[in-house]
Structures are given as C-alpha cells and as structure tokens.
Amino acid sequence: MPESKSTIQMEIDFKKEKGGNIFREKLNKGSFYVLIETATPDKKEDFAIAAGRLKTIESSLGKYDAIGTGLAITDKTGSWNTWNVADFANALPPEGRDRHVLYLSGRNSTVNDVADTIARCKSSGFQNIVPVTGDGYFPEGYKKRHKLNFVDSVCMLNMLKSGQDGDLYFAGCAMNPFKYTTSDIFPQYYKLVKKIKQGAEFIVTQSGWDMMKLQEMRWYLEMRELHFPSIARFSLLTNDLFEDIYDGKKPGIHISAELRKILLNEAKYGYAQFASAQWRRLQIYAAGAKFLGYTGIQISGVERQEHIATACSKVAEAMKEFKSFEDWRDGYLSYLSRADMTPYPYRFFMFNNLFTRAYPELATMKGAELPECGKYEKLHYRICKLLFSKAHRHASNEHLLSKKIFTGCRRCSSCRLPFTEFVCPETCPKGLANGPCGGTRVDGTCEFGGKQCIHAKIFRRSVWLKELHSLEERYIKPVEKI
C-alpha cells in the first residue's frame with residue numbers, strides 16, 4: 001500500500017461549487033454533530049485488516065434525528081511510523097466522505113510531506129482537514145523525541161488555505177483551553193486567533209473535563225466576535241487511561257485530584273458499574289457542550305462496534321433530556337458532587353461569572369496580573385536587539401557565534417529572531433515560531449522536560465514591549481534546518 005454576542009452559530013449558504021460538504025453545512029447551521037475518533041494504524045499492522053476495521057467502525061455510526069455523525073481520523077497519535085492518513089481514510093466508501101474529518105499531523109514530517117498528504121486528501125475527496133503540530137510521546141524517551149521534526153499547525157493551515165484549492169477545504173484547528181496560568185492560557189488564545197487568520201473555519205478543543213474552561217473559550221470567541229463553530233473533545237475513560245493522564249503521560253490533558261477520586265470510587269464496583277458511570281458522564285458533557293454553544297463533540301476511546309453505536313445513541317438521548325442551561329448545570333454539578341475540576345494550585349480563569357448563565361452578555365474579564373520581565377531579561381533583550389535586529393536579512397552564518405551565545409542559535413536557513421522578541425524558536429523542542437503547542441504541563445512547563453515553554457518568555461517580553469497584537473497577527477514562515 002502506498003504510502004457576535006450570541007452563541008448561536010452563523011448560518012452560511014455554501015453553494016454547490018464549494019463542494020456540497022455535509023459536515024460544513026451542518027456545523028455552520030448549528031446542527032449538533034458527533035465525531036467518533038479513530039487512529040491511523042502503525043505500519044506493523046496489516047493494511048487490509050485495518051481498512052476492514054475502519055469500514056466496520058463507519059457502518060456502526062448510524063443515523064439519528066437529533067445529531068449528525070462522522071469519523072475523526074487522527075494521524076500519528078500512537079506511533080510515528082503510521083500509514084498515511086489520506087491513504088488509510090481512502091478505504092472508506094466514496095459516498096459520504098464529506099461526513100468525516102481527517103487530522104493531519106506535522107509530527108516527524110517536512111513541509112513537502114505535508115504538501116504530499118494534502119494532495120492525497122484532495123485526490124481522495126476529503127475536504128474536512130484539521131492540521132495539528134503533533135505531540136511527543138512518553139514511552140519514546142527524551143532523546144528520541146528531541147530528534148523529531150515538527151511542522152507547525154499554523155504553517156500547515158497556511159499551506160492548506162493559501163493555494164489554488166484553498167476554498168475546497170473546510171479547515172479546522174486545534175485549541176487547548178485547559179490551561180490554568182496566565183503565561184499558559186493567553187498565548188493559546190493569541191495562537192488560536194492567528195490560526196483563524198490563516199484560514200481555520202472551525203475549532204476542536206483538546207480533551208478535558210472542566211466545563212468552565214470550555215465555557216471560557218466560547219465567551220472569549222464571543223467577546224472577540226469570532227463566530228466560528230466549535231467542537232469539544234471528550235475521552236471515554238478506562239482505569240489505565242485516567243491514571244496515565246493523572247501521571248502526566250498524555251501531553252496537555254489533565255485530570256484533577258478530585259475527579260480522580262470520583263473515578264477511583266466508580267472503579268471499586270467492577271467494570272459494568274464503571275462503564276455505566278462513563279456513559280452517563282459522556283451524556284452530561286455532551287449536553288453541556290450544546291448549552292455552552294458548541295456545535296458538536298468528538299469522542300475518543302471508543303472503537304468497538306457496539307460501543308460506537310452506544311455512544312451515538314447515548315448522545316442523541318442526552319440532546320433531548322435537558323431542557324435549559326440551568327437544568328443542565330444543576331445536574332452536572334450534582335453528578336460530580338461539585339468536585340473541583342482544576343489542577344490545584346493552578347486555577348486561573350479569564351472571566352468572572354462563569355456558569356452563572358449560558359451567554360456572556362454581562363461577563364467581565366478578570367484583572368489578570370500579567371508576568372513581568374526581570375531587569376536581566378530586559379538587558380538581554382536590549383543586547384540582542386542591538387546585535388540582531390537585522391538578522392532576518394543576513395546570511396544564516398553571519399554573527400553565528402554571537403547568536404549561539406546569546407540565543408542558543410541552531411542555524412536555520414533564515415533567522416527569525418527579530419520576529420520572536422529575540423527568543424530563538426529552535427530552542428523549542430518542536431521548533432514552533434508561531435505560538436505554543438497545547439502539550440504543556442499544568443504549571444506551564446514543556447511536555448519534553450521541566451523547562452518553561454519558550455512562548456511564555458515571548459509573551460512576557462511582548463507584554464513589556466506592548467506588542468501583544470503581534471502574537472496573533474504576525475505569520476512566521478517555516479524554515480529549513482542547516
């Protein structure tokens with residue numbers, strides 16, 4: 001095999017020459033959609049067997065009056081050596097491919113690899129694409145992860161939407177709203193806006209269980225008058241999975257100590273009762289997503305045929321169960337025994353009055369204490385500006401020793417220091433210049449090690465220089481490593 005001020009979504013009339021895309025039409029009309037997540041398999045697995053399983057998963061989705069259904073096919077989520085996501089998805093029947101969403105990972109890829117996969121998506125008739133940077137993985141070890149090359153999701157969006165076929169694709173972007181420090185959450189939103197400016201038309205969140213954070217994202221979008229459909233991602237938990245998440249083995253996904261206590265208590269009574277509790281939790285979260293203004297959910301951790309049918313039917317039932325936001329909120333708080341979903345002691349929220357109402361008409365932002373640069377950091381910035389303010393116009397080896405001493409330069413084909421407040425983006429393990437990934441730990445440190453994310457430093461300098469607008473407006477092109 002080859003390799004606004006309202007949470008109601010804006011209704012847009014997409015004409016047939018734009019593709020007649022069912023998924024796009026439903027999202028932009030506010031029809032609730034359920035995506036069942038399935039991963040592209042490792043090449044160690046026989047392609048024909050994996051393709052047969054994919055067809056079985058699709059046939060299990062079913063059709064419902066209350067919801068639309070489709071698959072979310074992820075890329076390189078379990079291994080770097082997977083089949084090409086477009087080739088794997090091509091095993092699906094030609095009819096109805098506009099129901100499904102393909103994730104395109106920049107992990108262990110080059111710009112040319114990404115361009116090739118985009119071309120394969122086009123030839124196979126897949127229009128709904130979500131570019132993601134990709135994660136490092138806990139079992140791989142620190143050294144191996146640092147040798148991987150990543151293509152930034154912002155750059156992939158630019159590639160997807162700026163070409164002559166840009167209008168063909170309904171492009172999404174990923175966002176992790178489950179951040180609890182000011183240095184972590186604000187750069188996430190600046191990068192989200194940058195993704196939208198590069199052509200993203202819908203948003204998919206990281207997995208999480210803090211509904212206040214999901215509401216925070218919707219309120220932020222409304223405050224900025226960014227009326228884009230949003231999909232909330234939830235994982236159906238198992239004993240092993242929630243312990244792995246709690247131990248920090250899943251980048252960017254957090255479970256609070258109080259939620260873990262609830263899950264441990266549910267697990268005491270055997271598999272059947274634990275599974276029943278997870279189905280009920282899924283229903284409550286799905287209904288909550290709808291009341292908070294989300295246009296759909298994406299469910300991971302469900303792959304058995306009977307479980308897929310159960311998941312879809314449970315969500316369809318939940319859409320009819322709760323009659324109002326207040327009715328749902330009381331049920332949600334009661335079911336979780338009002339447990340704290342935040343990863344103590346980190347618990348920053350951007351808005352006052354979350355959960356007091358569904359809509360943000362009277363919402364006010366909290367007065368956040370933004371991080372400040374110390375005197376030595378300011379001095380370092382001034383020295384770098386004096387030496388390297390024109391570095392993007394010079395040959396890559398010019399002032400190389402000075403750049404290595406002051407910024408940890410890795411010698412790219414074109415220097416980007418003047419665009420990143422003289423913080424070298426190559427000191428990020430993923431080489432991200434356009435903003436942070438979503439994989440940081442609860443304290444804001446990098447998923448690859450204990451160091452603070454470099455984008456927290458860029459954010460801090462931007463606050464000092466009053467240049468925050470550049471974090472969402474400036475698109476920084478990818479470079480080649482020399």
# chains A, B, ... in the order shown; residues from 1 in each chain; ligands from 1
$ residues_around --residues "Phe170 in chain A" --least-positions-apart "4" --cutoff "10 Å" --atoms "only C-alpha atoms" --output "PyMOL selection string"
chain A and resi 18-19+21+23-24+98+101+126-130+160-161+166+199-202
$ residues_around --residues "Ser31 in chain A" --least-positions-apart "2" --cutoff "7 Å" --atoms "only C-alpha atoms" --output "PyMOL selection string"
chain A and resi 26-27+29+33+67+295
$ residues_around --residues "range 50-60 of chain A" --least-positions-apart "6" --cutoff "8 Å" --atoms "only C-alpha atoms" --output "ChimeraX atom specification"
/A:41,70-71,88,91-93,303-306,308-309
$ write_last_selection --atoms "N, CA, C and O atoms" --output "mmCIF file, in the first residue's frame"
data_model
loop_
_atom_site.group_PDB
_atom_site.id
_atom_site.type_symbol
_atom_site.label_atom_id
_atom_site.label_comp_id
_atom_site.auth_asym_id
_atom_site.auth_seq_id
_atom_site.Cartn_x
_atom_site.Cartn_y
_atom_site.Cartn_z
ATOM 1 N N PRO A 41 -3.465 3.439 11.767
ATOM 2 C CA PRO A 41 -2.670 2.370 12.399
ATOM 3 C C PRO A 41 -1.187 2.425 12.055
ATOM 4 O O PRO A 41 -0.766 3.007 11.053
ATOM 5 N N GLY A 70 -20.058 11.218 12.189
ATOM 6 C CA GLY A 70 -18.949 11.011 11.271
ATOM 7 C C GLY A 70 -17.736 10.526 12.035
ATOM 8 O O GLY A 70 -17.761 10.379 13.267
ATOM 9 N N LEU A 71 -16.660 10.285 11.317
ATOM 10 C CA LEU A 71 -15.406 9.834 11.916
ATOM 11 C C LEU A 71 -14.404 10.979 11.963
ATOM 12 O O LEU A 71 -14.375 11.830 11.077
ATOM 13 N N PHE A 88 -5.137 5.744 4.346
ATOM 14 C CA PHE A 88 -5.957 4.930 5.245
ATOM 15 C C PHE A 88 -7.433 5.301 5.119
ATOM 16 O O PHE A 88 -8.297 4.435 4.977
ATOM 17 N N ALA A 91 -9.850 4.000 2.358
ATOM 18 C CA ALA A 91 -10.521 2.702 2.449
ATOM 19 C C ALA A 91 -12.025 2.859 2.656
ATOM 20 O O ALA A 91 -12.787 1.901 2.456
ATOM 21 N N LEU A 92 -12.468 4.047 3.068
ATOM 22 C CA LEU A 92 -13.897 4.287 3.271
ATOM 23 C C LEU A 92 -14.622 4.332 1.927
ATOM 24 O O LEU A 92 -14.029 4.682 0.901
ATOM 25 N N PRO A 93 -15.913 4.018 1.917
ATOM 26 C CA PRO A 93 -16.685 4.116 0.671
ATOM 27 C C PRO A 93 -16.636 5.537 0.109
ATOM 28 O O PRO A 93 -16.587 6.505 0.870
ATOM 29 N N GLU A 303 -13.881 2.355 20.157
ATOM 30 C CA GLU A 303 -13.569 1.742 18.866
ATOM 31 C C GLU A 303 -14.324 0.447 18.606
ATOM 32 O O GLU A 303 -14.481 0.058 17.462
ATOM 33 N N ARG A 304 -14.793 -0.212 19.657
ATOM 34 C CA ARG A 304 -15.570 -1.437 19.433
ATOM 35 C C ARG A 304 -16.909 -1.090 18.808
ATOM 36 O O ARG A 304 -17.534 -0.083 19.144
ATOM 37 N N GLN A 305 -17.346 -1.921 17.883
ATOM 38 C CA GLN A 305 -18.533 -1.633 17.089
ATOM 39 C C GLN A 305 -19.749 -1.339 17.968
ATOM 40 O O GLN A 305 -20.452 -0.354 17.763
ATOM 41 N N GLU A 306 -19.977 -2.178 18.966
ATOM 42 C CA GLU A 306 -21.156 -1.984 19.818
ATOM 43 C C GLU A 306 -21.034 -0.724 20.660
ATOM 44 O O GLU A 306 -22.033 -0.067 20.981
ATOM 45 N N ILE A 308 -19.489 2.068 19.727
ATOM 46 C CA ILE A 308 -19.717 3.224 18.855
ATOM 47 C C ILE A 308 -21.209 3.493 18.729
ATOM 48 O O ILE A 308 -21.668 4.635 18.857
ATOM 49 N N ALA A 309 -21.974 2.451 18.489
ATOM 50 C CA ALA A 309 -23.426 2.614 18.389
ATOM 51 C C ALA A 309 -24.004 3.123 19.708
ATOM 52 O O ALA A 309 -24.885 3.989 19.722
#
$ residues_around --residues "Leu417 in chain A" --least-positions-apart "5" --cutoff "9 Å" --atoms "only C-alpha atoms" --output "ChimeraX atom specification"
/A:384,388-392,407,422-425
$ write_last_selection --atoms "N, CA, C and O atoms" --output "compact mmCIF listing (two decimals), in the first residue's frame"
# COMPACT_ATOMS: atom_id res chain seq x y z
N CYS A 384 20.42 41.84 22.46
CA CYS A 384 20.06 41.09 21.26
C CYS A 384 19.51 42.01 20.17
O CYS A 384 19.81 41.85 18.98
N PHE A 388 21.17 41.91 16.70
CA PHE A 388 20.50 41.03 15.74
C PHE A 388 19.21 41.61 15.14
O PHE A 388 18.41 40.86 14.58
N SER A 389 18.99 42.90 15.20
CA SER A 389 17.72 43.46 14.73
C SER A 389 17.52 43.27 13.23
O SER A 389 16.39 43.30 12.73
N LYS A 390 18.62 43.06 12.47
CA LYS A 390 18.51 42.84 11.03
C LYS A 390 18.89 41.40 10.65
O LYS A 390 19.20 41.12 9.50
N ALA A 391 18.86 40.51 11.62
CA ALA A 391 19.33 39.13 11.39
C ALA A 391 18.55 38.42 10.30
O ALA A 391 19.10 37.57 9.59
N HIS A 392 17.26 38.75 10.12
CA HIS A 392 16.45 38.09 9.11
C HIS A 392 16.88 38.45 7.69
O HIS A 392 16.50 37.78 6.72
N THR A 407 21.43 33.48 22.19
CA THR A 407 20.08 32.97 21.93
C THR A 407 20.02 31.46 21.74
O THR A 407 18.93 30.92 21.55
N PHE A 422 13.51 38.04 19.92
CA PHE A 422 14.88 37.56 20.10
C PHE A 422 14.97 36.33 21.01
O PHE A 422 15.96 36.11 21.70
N VAL A 423 13.90 35.52 20.98
CA VAL A 423 13.92 34.18 21.57
C VAL A 423 13.96 33.21 20.41
O VAL A 423 13.04 33.18 19.58
N CYS A 424 15.00 32.43 20.29
CA CYS A 424 15.13 31.54 19.13
C CYS A 424 14.06 30.45 19.17
O CYS A 424 14.00 29.67 20.13
N PRO A 425 13.21 30.35 18.15
CA PRO A 425 12.16 29.31 18.17
C PRO A 425 12.72 27.90 18.13
O PRO A 425 12.02 26.96 18.53
$ closest_residue --among "A:Arg347, A:His307, A:Lys466, A:His455" --to "Tyr190 in chain A" --atoms "only C-alpha atoms"
A:His455
$ select_by_dssp --residues "range 235-434 of chain A" --states "strand (DSSP E)" --output "PyMOL selection string"
chain A and resi 235+296-300
$ closest_residue --among "A:Ala89, A:Met212, A:Met156, A:Leu432" --to "Val114 in chain A" --atoms "only C-alpha atoms"
A:Met156
